[in-house]
Amino acid sequence: MTNGWDYFMTNKFKMRFCAVAVAVLPFTATYAACIVPAGNFALSLDVAGSPCSTASASSAQALYDKLSTSGLESLGNNYTDTKIAFINANFNSLAMTLNFPNIGTQLNMVIPALGVTQSFTGATRDASKQLLIDYLKNTDIIGRIMNYQATHSPISPIAGAAGILPNVVASDFNQNFSDTATHIASPASLALAARNDNVTPNLAGVSLQYGSLNSLDNMTKIITLPLSYTIRNDMDPRRQFVISLPISEIDTNGAKSYQGSLGAAYRLPINDNWTLTPGAKVSGVGSLDMATLAGLYTLSTTSTYIWRLEDFDISMGNMLSYNKSMKLKKGDYSFDPDITVTALRNGLMLSQPVNWDGGNLSVEYMVVDTRYTGTQLYIDNTQEVGISIGTNKSAFSTHTFMRAGVSYLHGKDTKGINANISVWF
């Protein structure tokens with residue numbers, strides 16, 4: 001990812017990025033008639049004396065290629081560096097354009113959605129573009145673009161259906177509730193017995209998750225490897241310190257992004273049925289294809305309460321999560337999407353023991369509702385239903401246990417499934 005981002009900051013790429021980091025209002029009726037085709041990444045090119053040309057791209061990187069000099073020339077309407085030209089682009093929900101209004105070097109820039117208007121004039125058109133690049137270096141435009149996308153696009157790498165924000169919220173909740181509910185709330189008397197039996201306190205956890213989402217006909221595939229290490233207290237194994245390290249690769253119509261987090265949480269049993277789990281996490285997302293680099297820090301508290309009945313258990317999980325973007329710096333550029341969100345995630349789970357082929361298993365059925373407040377997001381709430389099966393979990397077990405499951409997610413203009421398998425040993 002580092003090499004890709006270094007390329008993102010090379011001079012060649014800067015010249016391309018300036019074309020998709022700006023927007024210009026049409027200056028004549030002729031230009032206004034040149035319409036960008038549908039799609040999250042698309043452009044139209046209007047050169048004086050030639051009809052409009054259009055192109056769609058599967059990713060930001062493909063759009064950058066179209067915006068290079070050779071890419072514009074390939075569109076077939078006789079573009080040169082001395083012709084009046086108007087480039088109108090759509091960059092993941094944000095309208096973007098560059099305008100050379102005459103045969104000279106003046107470059108006009110307007111970003112209507114962000115309220116920005118600028119003009120740059122250098123000795124050559126490339127020099128004008130460099131002035132624009134210098135402007136981008138010393139302002140918060142890139143961060144504001146990412147903020148706009150979080151509000152207007154279902155595939156924002158930060159807050160879209162597969163963005164770093166919902167993935168962190170889901171990861172924290174799953175770790176503190178659905179992965180642990182049936183083995184956290186246990187009678188305190190078992191803790192003493194476990195201590196006397198010298199139960200090994202620590203557990204390593206490895207999971208593999210695969211998700212497939214459809215957001216306004218944008219297909220997103222998610223592969224996540226959640227790693228964890230749990231340190232169980234010698235005096236009471238229900239008290240657990242958990243270190244988590246989920247790593248994800250996201251593919252949206254061929255555009256790749258990468259996410260990583262490092263978190264810590266402490267499970268504290270209040271009584272035999274109720275557990276509180278405060279936690280903290282630092283996360284990051286980077287994507288050359290989506291022109292995104294952002295950090296996120298999270299503070300959360302999860303409450304888990306279990307009712308133990310004769311034939312099954314019912315668990316209730318409630319999580320309050322505070323999430324704020326971090327300002328990151330790369331060379332002369334700084335990035336801050338300025339996103340602050342409080343997430344409320346609530347779920348119910350029914351656990352039912354089953355005996356299959358002599359094994360001691362349990363089936364778990366779960367419903368979850370997630371809602372976001374604070375910075376306005378395109379997807380501000382989601383609902384999930386899921387089912388999993390696996391060996392019974394116990395805070396005092398020295399044996400390996402595992403679970404596998406599938407869930408269905410629904411949100412604004414988004415639906416999809418997620419499958420996972422987890423092993424603790």
# chains A, B, ... in the order shown; residues from 1 in each chain; ligands from 1
>>> residues_around(residues="Lys327 of chain A", least_positions_apart="3", cutoff="8 Å", atoms="only C-alpha atoms", output="list of chain:residue names")
A:Ala294, A:Gly295, A:Ser334, A:Phe335, A:Asp336, A:Pro337
>>> residues_around(residues="Glu249 of chain A", least_positions_apart="4", cutoff="9 Å", atoms="only C-alpha atoms", output="tab-separated table (two decimals) with C-alpha atoms, in the first residue's frame")
chain	number	residue	atom	x	y	z
A	221	LYS	CA	-16.50	-7.90	-2.21
A	222	ILE	CA	-14.92	-7.91	1.23
A	223	ILE	CA	-12.33	-10.33	2.58
A	224	THR	CA	-11.44	-9.86	6.24
A	256	LYS	CA	-9.25	-1.88	-4.34
A	257	SER	CA	-8.99	-0.44	-0.83
A	258	TYR	CA	-7.29	-1.78	2.28
A	259	GLN	CA	-8.20	-1.47	5.93
>>> closest_atom_pairs(of="segment 205-226 of chain A", to="segment 237-246 of chain A", cutoff="10 Å", atoms="only C-alpha atoms", output="JSON lines")
{"residue": "A:Gly205", "atom": "CA", "partner": "A:Ser244", "partner_atom": "CA", "distance": 8.9}
{"residue": "A:Val206", "atom": "CA", "partner": "A:Pro246", "partner_atom": "CA", "distance": 9.6}
{"residue": "A:Ser207", "atom": "CA", "partner": "A:Pro246", "partner_atom": "CA", "distance": 9.1}
{"residue": "A:Leu208", "atom": "CA", "partner": "A:Pro246", "partner_atom": "CA", "distance": 9.9}
{"residue": "A:Thr224", "atom": "CA", "partner": "A:Pro246", "partner_atom": "CA", "distance": 6.8}
{"residue": "A:Leu225", "atom": "CA", "partner": "A:Pro246", "partner_atom": "CA", "distance": 5.6}
{"residue": "A:Pro226", "atom": "CA", "partner": "A:Pro246", "partner_atom": "CA", "distance": 3.9}
>>> residues_around(residues="Thr80 of chain A", least_positions_apart="3", cutoff="10 Å", atoms="only C-alpha atoms", output="PyMOL selection string")
chain A and resi 47+69-70+72-73+77+83-85+103
>>> write_last_selection(atoms="C-alpha atoms", output="mmCIF file, in the first residue's frame")
data_model
loop_
_atom_site.group_PDB
_atom_site.id
_atom_site.type_symbol
_atom_site.label_atom_id
_atom_site.label_comp_id
_atom_site.auth_asym_id
_atom_site.auth_seq_id
_atom_site.Cartn_x
_atom_site.Cartn_y
_atom_site.Cartn_z
ATOM 1 C CA VAL A 47 -13.286 20.548 -27.280
ATOM 2 C CA THR A 69 -3.095 13.946 -22.145
ATOM 3 C CA SER A 70 -2.901 10.667 -24.042
ATOM 4 C CA LEU A 72 -8.003 12.685 -23.581
ATOM 5 C CA GLU A 73 -6.513 12.424 -27.063
ATOM 6 C CA ASN A 77 -12.276 14.847 -30.532
ATOM 7 C CA LYS A 83 -7.522 24.190 -27.775
ATOM 8 C CA ILE A 84 -10.415 25.376 -25.634
ATOM 9 C CA ALA A 85 -11.476 22.381 -23.576
ATOM 10 C CA ILE A 103 -6.311 28.856 -26.325
#
>>> atom_distance(atom1="atom CA of Leu293 of chain A", atom2="atom CA of Ala95 of chain A")
20.1 Å
>>> residues_around(residues="segment 388-391 of chain A", least_positions_apart="6", cutoff="10 Å", atoms="only C-alpha atoms", output="ChimeraX atom specification")
/A:178,351-354,359-366,400-407,419-423
>>> write_last_selection(atoms="C-alpha atoms", output="CSV table (one decimal), in the first residue's frame")
chain,number,residue,atom,x,y,z
A,178,SER,CA,-21.8,-12.3,19.3
A,351,SER,CA,-28.6,-19.7,21.6
A,352,GLN,CA,-30.0,-23.2,21.3
A,353,PRO,CA,-28.0,-26.4,22.2
A,354,VAL,CA,-28.1,-29.2,19.7
A,359,GLY,CA,-21.1,-33.5,19.4
A,360,ASN,CA,-22.0,-30.7,21.9
A,361,LEU,CA,-23.0,-27.9,19.6
A,362,SER,CA,-25.1,-24.8,19.7
A,363,VAL,CA,-27.1,-22.8,17.1
A,364,GLU,CA,-27.3,-19.0,17.5
A,365,TYR,CA,-29.9,-16.8,15.8
A,366,MET,CA,-29.2,-13.0,15.8
A,400,THR,CA,-10.4,-25.4,20.8
A,401,PHE,CA,-13.9,-24.2,19.8
A,402,MET,CA,-15.2,-22.8,16.5
A,403,ARG,CA,-18.2,-21.3,14.8
A,404,ALA,CA,-19.4,-20.7,11.3
A,405,GLY,CA,-22.3,-18.5,10.2
A,406,VAL,CA,-23.9,-16.4,7.6
A,407,SER,CA,-25.8,-13.1,7.9
A,419,ALA,CA,-20.2,-15.5,5.7
A,420,ASN,CA,-17.6,-16.3,8.4
A,421,ILE,CA,-15.7,-19.1,10.2
A,422,SER,CA,-13.9,-18.5,13.4
A,423,VAL,CA,-11.6,-20.7,15.5
>>> residues_around(residues="Phe41 of chain A", least_positions_apart="3", cutoff="9 Å", atoms="only C-alpha atoms", output="number ranges by chain")
A: 38, 55-60, 62-63, 89-93
>>> closest_residue(among="A:Gly160, A:Pro112, A:Gly49, A:Gly416", to="Tyr210 of chain A", atoms="only C-alpha atoms")
A:Gly416
>>> residues_around(residues="Thr292 of chain A", least_positions_apart="2", cutoff="12 Å", atoms="only C-alpha atoms", output="NGL selection string")
:A and (1 or 4-5 or 8 or 17 or 21 or 60-61 or 91-92 or 142-147 or 149-150 or 155-159 or 163-164 or 255-259 or 284-290 or 294-295 or 328 or 330 or 334-337)
>>> residues_around(residues="segment 299-303 of chain A", least_positions_apart="5", cutoff="12 Å", atoms="only C-alpha atoms", output="PyMOL selection string")
chain A and resi 168-178+180-181+184-185+263-270+273-283+315-324+340-348
>>> atom_distance(atom1="atom CA of Gly411 of chain A", atom2="atom CA of Pro37 of chain A")
25.8 Å
>>> atom_distance(atom1="atom CA of Gln118 of chain A", atom2="atom CA of Leu132 of chain A")
8.7 Å
>>> closest_residue(among="A:Tyr297, A:Phe312, A:Phe120, A:Trp307", to="Ser325 of chain A", atoms="only C-alpha atoms")
A:Tyr297
>>> select_by_dssp(residues="segment 46-155 of chain A", states="alpha helix (DSSP H)", output="MDAnalysis selection string")
chainID A and resid 60:67 69:73 125:137 141:152
>>> select_by_dssp(residues="segment 99-282 of chain A", states="strand (DSSP E or B)", output="PyMOL selection string")
chain A and resi 99-100+107-111+116-120+202-215+218-232+240-252+255-269+274-282
>>> closest_residue(among="A:Ser261, A:Asn355, A:Ser212, A:Asn253", to="His410 of chain A", atoms="only C-alpha atoms")
A:Ser212
>>> decode(residues="segment 336-364 of chain A", atoms="N, CA and C atoms", output="compact mmCIF listing (two decimals), in the first residue's frame")
# COMPACT_ATOMS: atom_id res chain seq x y z
N ASP A 336 -7.78 15.21 6.28
CA ASP A 336 -8.69 15.04 7.40
C ASP A 336 -10.12 15.15 6.89
N PRO A 337 -10.84 14.02 6.79
CA PRO A 337 -12.24 14.07 6.33
C PRO A 337 -13.17 14.79 7.30
N ASP A 338 -12.69 15.02 8.53
CA ASP A 338 -13.50 15.74 9.53
C ASP A 338 -14.84 15.05 9.73
N ILE A 339 -14.79 13.77 10.06
CA ILE A 339 -15.99 12.98 10.31
C ILE A 339 -16.03 12.58 11.78
N THR A 340 -17.11 12.89 12.44
CA THR A 340 -17.32 12.49 13.84
C THR A 340 -18.69 11.84 13.95
N VAL A 341 -18.71 10.58 14.36
CA VAL A 341 -19.94 9.80 14.37
C VAL A 341 -20.07 9.02 15.68
N THR A 342 -21.25 9.03 16.24
CA THR A 342 -21.58 8.15 17.36
C THR A 342 -22.48 7.03 16.82
N ALA A 343 -22.07 5.80 17.06
CA ALA A 343 -22.82 4.64 16.56
C ALA A 343 -23.51 3.94 17.72
N LEU A 344 -24.76 3.57 17.49
CA LEU A 344 -25.53 2.77 18.43
C LEU A 344 -25.84 1.44 17.76
N ARG A 345 -25.34 0.36 18.33
CA ARG A 345 -25.56 -0.97 17.74
C ARG A 345 -26.17 -1.86 18.80
N ASN A 346 -27.35 -2.40 18.50
CA ASN A 346 -28.11 -3.21 19.45
C ASN A 346 -28.51 -4.53 18.81
N GLY A 347 -28.40 -5.61 19.58
CA GLY A 347 -28.71 -6.91 19.03
C GLY A 347 -29.31 -7.86 20.04
N LEU A 348 -30.05 -8.84 19.53
CA LEU A 348 -30.59 -9.93 20.33
C LEU A 348 -30.12 -11.25 19.72
N MET A 349 -29.77 -12.19 20.58
CA MET A 349 -29.31 -13.48 20.10
C MET A 349 -29.94 -14.60 20.92
N LEU A 350 -30.43 -15.61 20.22
CA LEU A 350 -30.99 -16.80 20.87
C LEU A 350 -30.02 -17.96 20.63
N SER A 351 -29.57 -18.60 21.70
CA SER A 351 -28.63 -19.72 21.62
C SER A 351 -29.35 -21.01 22.01
N GLN A 352 -29.29 -21.99 21.14
CA GLN A 352 -30.01 -23.24 21.34
C GLN A 352 -29.04 -24.42 21.24
N PRO A 353 -28.89 -25.23 22.29
CA PRO A 353 -28.00 -26.38 22.20
C PRO A 353 -28.56 -27.46 21.28
N VAL A 354 -27.69 -28.10 20.53
CA VAL A 354 -28.08 -29.20 19.65
C VAL A 354 -27.08 -30.33 19.80
N ASN A 355 -27.54 -31.53 19.54
CA ASN A 355 -26.67 -32.71 19.60
C ASN A 355 -26.63 -33.33 18.21
N TRP A 356 -25.50 -33.16 17.53
CA TRP A 356 -25.35 -33.63 16.16
C TRP A 356 -24.16 -34.57 16.09
N ASP A 357 -24.45 -35.82 15.76
CA ASP A 357 -23.41 -36.84 15.64
C ASP A 357 -22.60 -36.95 16.92
N GLY A 358 -23.29 -36.83 18.04
CA GLY A 358 -22.64 -36.99 19.33
C GLY A 358 -21.87 -35.77 19.81
N GLY A 359 -21.86 -34.69 19.03
CA GLY A 359 -21.12 -33.50 19.41
C GLY A 359 -21.96 -32.53 20.21
N ASN A 360 -21.28 -31.74 21.06
CA ASN A 360 -21.96 -30.75 21.88
C ASN A 360 -21.91 -29.41 21.15
N LEU A 361 -22.97 -29.08 20.41
CA LEU A 361 -23.00 -27.90 19.57
C LEU A 361 -24.09 -26.93 20.03
N SER A 362 -24.07 -25.75 19.45
CA SER A 362 -25.14 -24.78 19.68
C SER A 362 -25.40 -24.01 18.40
N VAL A 363 -26.67 -23.67 18.19
CA VAL A 363 -27.07 -22.82 17.08
C VAL A 363 -27.45 -21.46 17.65
N GLU A 364 -27.00 -20.40 16.99
CA GLU A 364 -27.29 -19.05 17.45
C GLU A 364 -28.00 -18.26 16.35
